[in-house]
$ cat target.txt   # compact mmCIF, C-alpha atoms
# COMPACT_ATOMS: atom_id res chain seq x y z
CA MET A 251 -190.29 -19.41 -70.14
CA ASN A 252 -190.34 -15.70 -70.81
CA LYS A 253 -188.52 -15.09 -67.54
CA PHE A 254 -185.65 -17.19 -68.76
CA TYR A 255 -185.21 -14.94 -71.77
CA ILE A 256 -184.26 -12.16 -69.41
CA ILE A 257 -182.78 -14.05 -66.48
CA LEU A 258 -180.36 -16.27 -68.42
CA PRO A 259 -178.66 -13.42 -70.34
CA VAL A 260 -178.41 -11.32 -67.15
CA VAL A 261 -176.92 -14.23 -65.21
CA GLY A 262 -174.57 -14.99 -68.12
CA PHE A 263 -173.47 -11.36 -68.27
CA ILE A 264 -172.86 -11.25 -64.50
CA ALA A 265 -170.86 -14.51 -64.70
CA PHE A 266 -168.80 -13.22 -67.61
CA PHE A 267 -168.19 -9.88 -65.84
CA ALA A 268 -167.12 -11.66 -62.63
CA TYR A 269 -164.82 -13.99 -64.59
CA TYR A 270 -163.34 -11.06 -66.51
CA THR A 271 -162.67 -8.90 -63.44
CA GLN A 272 -161.57 -11.73 -61.12
CA VAL A 273 -159.69 -14.14 -63.39
CA ALA A 274 -158.97 -12.85 -66.89
CA GLN A 275 -158.02 -9.26 -66.15
CA PRO A 276 -155.43 -10.08 -63.44
CA ALA A 277 -154.03 -12.77 -65.74
CA MET A 278 -153.72 -10.22 -68.56
CA VAL A 279 -152.06 -7.73 -66.18
CA ARG A 280 -149.65 -10.46 -64.98
CA LYS A 281 -148.91 -11.43 -68.58
CA ALA A 282 -148.25 -7.77 -69.53
CA ASP A 283 -145.96 -7.39 -66.48
CA GLU A 284 -144.09 -10.55 -67.45
CA GLU A 285 -143.69 -9.32 -71.03
CA LYS A 286 -142.43 -5.95 -69.78
CA ARG A 287 -140.03 -7.69 -67.39
CA GLY A 288 -138.90 -9.96 -70.24
CA GLN A 289 -138.32 -6.93 -72.47
CA LEU A 290 -136.31 -5.21 -69.75
CA LEU A 291 -134.23 -8.36 -69.25
CA GLN A 292 -133.76 -8.64 -73.02
CA GLN A 293 -132.70 -4.98 -73.22
CA ALA A 294 -130.26 -5.47 -70.34
CA GLU A 295 -128.86 -8.58 -72.02
CA ASP A 296 -128.60 -6.77 -75.37
CA LYS A 297 -126.81 -3.85 -73.68
CA LYS A 298 -124.40 -6.28 -72.01
CA LYS A 299 -123.72 -7.95 -75.39
CA ARG A 300 -123.20 -4.56 -77.07
CA ASP A 301 -120.82 -3.45 -74.32
CA GLU A 302 -118.87 -6.70 -74.66
CA ALA A 303 -118.79 -6.33 -78.46
CA ASP A 304 -117.63 -2.70 -78.10
CA ARG A 305 -114.89 -3.74 -75.69
CA LEU A 306 -113.72 -6.49 -78.07
CA ALA A 307 -113.89 -4.07 -81.00
CA ARG A 308 -111.75 -1.52 -79.12
CA ILE A 309 -109.18 -4.21 -78.33
CA GLU A 310 -109.17 -5.34 -81.97
CA LEU A 311 -108.93 -1.73 -83.13
CA ARG A 312 -105.96 -1.11 -80.84
CA LYS A 313 -104.22 -4.22 -82.24
CA LEU A 314 -104.92 -3.11 -85.79
CA GLN A 315 -103.62 0.39 -85.02
CA GLU A 316 -100.38 -1.00 -83.59
CA LYS A 317 -100.01 -3.29 -86.59
CA ARG A 318 -100.58 -0.36 -88.99
CA GLU A 319 -98.04 1.78 -87.15
CA ALA A 320 -95.44 -1.00 -87.40
CA GLU A 321 -96.21 -1.42 -91.11
CA ASP A 322 -95.96 2.36 -91.60
CA ARG A 323 -92.53 2.42 -89.94
CA GLN A 324 -91.37 -0.43 -92.18
CA ARG A 325 -92.85 1.27 -95.22
CA GLN A 326 -91.14 4.58 -94.36
CA GLU A 327 -87.76 2.88 -93.94
CA LYS A 328 -88.24 1.01 -97.18
CA ALA A 329 -89.28 4.25 -98.92
CA ARG A 330 -86.18 6.05 -97.59
CA LEU A 331 -83.88 3.32 -98.94
CA GLU A 332 -85.78 3.29 -102.22
CA LYS A 333 -85.49 7.07 -102.47
CA GLU A 334 -81.71 6.98 -101.97
CA ARG A 335 -81.36 4.27 -104.61
CA ASN A 336 -83.59 6.22 -107.01
CA GLU A 337 -81.59 9.42 -106.50
CA ARG A 338 -78.37 7.58 -107.36
CA GLU A 339 -79.98 6.09 -110.46
CA VAL A 340 -81.34 9.50 -111.45
CA ARG A 341 -77.89 11.07 -111.31
CA GLU A 342 -76.47 8.28 -113.50
CA ASP A 343 -79.38 8.42 -115.91
CA THR A 344 -79.23 12.23 -116.11
CA GLU A 345 -75.76 12.16 -117.59
CA LYS A 346 -76.69 9.39 -120.01
CA TYR A 347 -79.81 11.22 -121.16
CA ARG A 348 -78.01 14.53 -121.52
CA LEU A 349 -75.83 12.96 -124.21
CA GLU A 350 -78.84 11.34 -125.84
CA ALA A 351 -80.72 14.68 -125.75
CA ALA A 352 -77.99 16.34 -127.80
CA ARG A 353 -78.22 13.59 -130.41
CA LEU A 354 -82.02 13.78 -130.48
CA ASN A 355 -81.86 17.58 -130.85
CA GLN A 356 -79.99 17.14 -134.10
CA GLU A 357 -82.54 14.57 -135.30
CA ARG A 358 -85.36 16.92 -134.29
CA SER A 359 -83.93 19.71 -136.41
CA ALA A 360 -83.80 17.41 -139.45
CA ILE A 361 -87.36 16.18 -138.82
CA GLU A 362 -88.67 19.75 -138.39
CA LYS A 363 -87.19 20.69 -141.76
CA GLU A 364 -88.83 17.64 -143.34
CA ILE A 365 -92.15 18.50 -141.67
CA GLU A 366 -91.98 22.06 -143.00
CA ASP A 367 -91.39 20.72 -146.52
CA LEU A 368 -94.35 18.34 -146.15
CA ARG A 369 -96.56 21.16 -144.86
CA ASN A 370 -95.73 23.32 -147.86
CA LYS A 371 -96.48 20.40 -150.18
CA ARG A 372 -99.76 19.73 -148.37
CA GLU A 373 -100.80 23.40 -148.65
CA ARG A 374 -100.05 23.36 -152.36
CA LEU A 375 -102.06 20.15 -152.81
CA SER A 376 -104.90 21.56 -150.70
CA LYS A 377 -105.08 24.60 -152.94
CA GLU A 378 -105.15 22.39 -156.04
CA VAL A 379 -107.87 20.21 -154.53
CA PHE A 380 -109.86 23.32 -153.62
CA GLU A 381 -109.58 24.67 -157.14
CA LEU A 382 -110.66 21.33 -158.62
CA ALA A 383 -113.59 21.12 -156.19
CA LYS A 384 -114.52 24.67 -157.15
CA GLN A 385 -114.52 23.71 -160.82
CA VAL A 386 -116.63 20.61 -160.10
CA GLU A 387 -119.17 22.65 -158.13
CA SER A 388 -119.24 25.27 -160.86
CA GLY A 389 -119.92 22.50 -163.42
CA LYS A 390 -122.71 21.09 -161.23
CA ILE A 391 -124.29 24.54 -160.93
CA ASP A 392 -124.06 25.09 -164.70
CA ARG A 393 -125.61 21.66 -165.33
CA ARG A 394 -128.42 22.37 -162.86
CA ASN A 395 -129.07 25.75 -164.47
CA ALA A 396 -129.15 24.10 -167.91
CA GLU A 397 -131.59 21.45 -166.65
CA LEU A 398 -133.82 24.16 -165.20
CA GLU A 399 -133.69 26.07 -168.48
CA VAL A 400 -134.62 22.90 -170.41
CA GLN A 401 -137.53 22.30 -168.02
CA ARG A 402 -138.69 25.89 -168.37
CA MET A 403 -138.52 25.67 -172.17
CA TYR A 404 -140.33 22.30 -172.12
CA GLU A 405 -143.11 23.79 -169.98
CA THR A 406 -143.34 26.77 -172.33
CA VAL A 407 -143.63 24.44 -175.35
CA VAL A 408 -146.24 22.32 -173.55
CA ILE A 409 -148.28 25.41 -172.64
CA LYS A 410 -148.08 26.75 -176.21
CA THR A 411 -149.02 23.34 -177.59
CA GLU A 412 -151.98 23.11 -175.25
CA LYS A 413 -153.12 26.60 -176.27
CA GLU A 414 -152.74 25.73 -179.95
CA THR A 415 -154.62 22.47 -179.38
CA GLU A 416 -157.41 24.31 -177.59
CA ARG A 417 -157.57 26.92 -180.33
CA ALA A 418 -157.62 24.21 -183.04
CA GLN A 419 -160.27 22.28 -181.09
CA SER A 420 -162.42 25.39 -180.77
CA VAL A 421 -162.05 26.01 -184.54
CA ILE A 422 -162.97 22.37 -185.28
CA ASP A 423 -165.93 22.60 -182.89
CA ALA A 424 -167.07 25.82 -184.58
CA GLN A 425 -166.77 24.23 -188.03
CA LEU A 426 -168.65 21.12 -186.87
CA LYS A 427 -171.33 23.30 -185.35
CA ALA A 428 -171.62 25.31 -188.57
CA LEU A 429 -171.74 22.10 -190.56
CA ALA A 430 -174.43 20.72 -188.27
CA GLU A 431 -176.47 23.90 -188.74
CA VAL A 432 -176.08 23.68 -192.47
CA LYS A 433 -177.34 20.08 -192.44
CA LYS A 434 -180.42 21.05 -190.49
$ encode --input "target.txt" --output "structure tokens"
Amino acid sequence: MNKFYIILPVVGFIAFFAYYTQVAQPAMVRKADEEKRGQLLQQAEDKKKRDEADRLARIELRKLQEKREAEDRQRQEKARLEKERNEREVREDTEKYRLEAARLNQERSAIEKEIEDLRNKRERLSKEVFELAKQVESGKIDRRNAELEVQRMYETVVIKTEKETERAQSVIDAQLKALAEVKK
């Protein structure tokens, strides 16, 4: 029985080693080779797809470029015609606006005079407002000073009253003490 403890694991190990080296390892190598071959085929297929997509993209790009060039030519022709029409309209409008500018110049002069009058009036009113605000502030300062003076006088009266009360209390205490001594 004790022999089997050694023999069975050794035989099992040898069988596993033989299976691994003869069957499993070549199968793993074959599988790795197949995966590598599959990857290479996939890469080749991907490259072919990319090349085809690039070729189609170049064709599409060429078509788009030709379409853009045709649109640009149409746009340039349209812009040239538009420019000529605009120049004609500008010449007509220039004369019309020159006459209107003269009329507006006269109106501007009248408005400037009115603005100057309003500015002078505003300055005068601003000065009056400033003077009134100055008087109000001066009144506030005088009121605050008067309140402070009243407070100071109140505190002085309170302090004097307290001193007088203390002095009267000390006199009363002294008289009570003297009276108490007399009674004894």
$ atom_distance --input "target.txt" --atom1 "atom CA of A:Ala277" --atom2 "atom CA of A:Val261"
22.9 Å
$ atom_distance --input "target.txt" --atom1 "atom CA of A:Met403" --atom2 "atom CA of A:Ser420"
25.4 Å
$ axis_aligned_box --input "target.txt" --around "stretch 289-297 of chain A" --padding-each-side "8 Å" --output "AutoDock Vina command-line options"
--center_x -132.6 --center_y -6.2 --center_z -72.3 --size_x 27.5 --size_y 20.8 --size_z 22.1
$ atom_distance --input "target.txt" --atom1 "atom CA of A:Glu339" --atom2 "atom CA of A:Gln324"
22.5 Å
$ build_atoms --input "target.txt" --residues "stretch 417-430 of chain A" --atoms "N, CA and C atoms" --output "tab-separated table (two decimals), in the coordinates of the input"
chain	number	residue	atom	x	y	z
A	417	ARG	N	-157.11	26.04	-179.27
A	417	ARG	CA	-157.57	26.92	-180.33
A	417	ARG	C	-158.03	26.09	-181.54
A	418	ALA	N	-157.26	25.06	-181.90
A	418	ALA	CA	-157.62	24.21	-183.04
A	418	ALA	C	-158.91	23.46	-182.74
A	419	GLN	N	-159.06	23.00	-181.49
A	419	GLN	CA	-160.27	22.28	-181.09
A	419	GLN	C	-161.47	23.20	-181.18
A	420	SER	N	-161.28	24.46	-180.72
A	420	SER	CA	-162.42	25.39	-180.77
A	420	SER	C	-162.78	25.69	-182.24
A	421	VAL	N	-161.77	25.77	-183.13
A	421	VAL	CA	-162.05	26.01	-184.54
A	421	VAL	C	-162.79	24.81	-185.12
A	422	ILE	N	-162.32	23.59	-184.78
A	422	ILE	CA	-162.97	22.37	-185.28
A	422	ILE	C	-164.40	22.31	-184.76
A	423	ASP	N	-164.58	22.63	-183.47
A	423	ASP	CA	-165.93	22.60	-182.89
A	423	ASP	C	-166.84	23.61	-183.61
A	424	ALA	N	-166.27	24.80	-183.90
A	424	ALA	CA	-167.07	25.82	-184.58
A	424	ALA	C	-167.44	25.34	-185.99
A	425	GLN	N	-166.49	24.71	-186.69
A	425	GLN	CA	-166.77	24.23	-188.03
A	425	GLN	C	-167.80	23.10	-187.99
A	426	LEU	N	-167.68	22.20	-187.00
A	426	LEU	CA	-168.65	21.12	-186.87
A	426	LEU	C	-170.02	21.67	-186.55
A	427	LYS	N	-170.06	22.69	-185.73
A	427	LYS	CA	-171.33	23.30	-185.35
A	427	LYS	C	-171.96	23.96	-186.59
A	428	ALA	N	-171.11	24.65	-187.37
A	428	ALA	CA	-171.62	25.31	-188.57
A	428	ALA	C	-172.10	24.25	-189.56
A	429	LEU	N	-171.37	23.17	-189.66
A	429	LEU	CA	-171.74	22.10	-190.56
A	429	LEU	C	-173.04	21.46	-190.11
A	430	ALA	N	-173.20	21.31	-188.81
A	430	ALA	CA	-174.43	20.72	-188.27
A	430	ALA	C	-175.60	21.65	-188.55
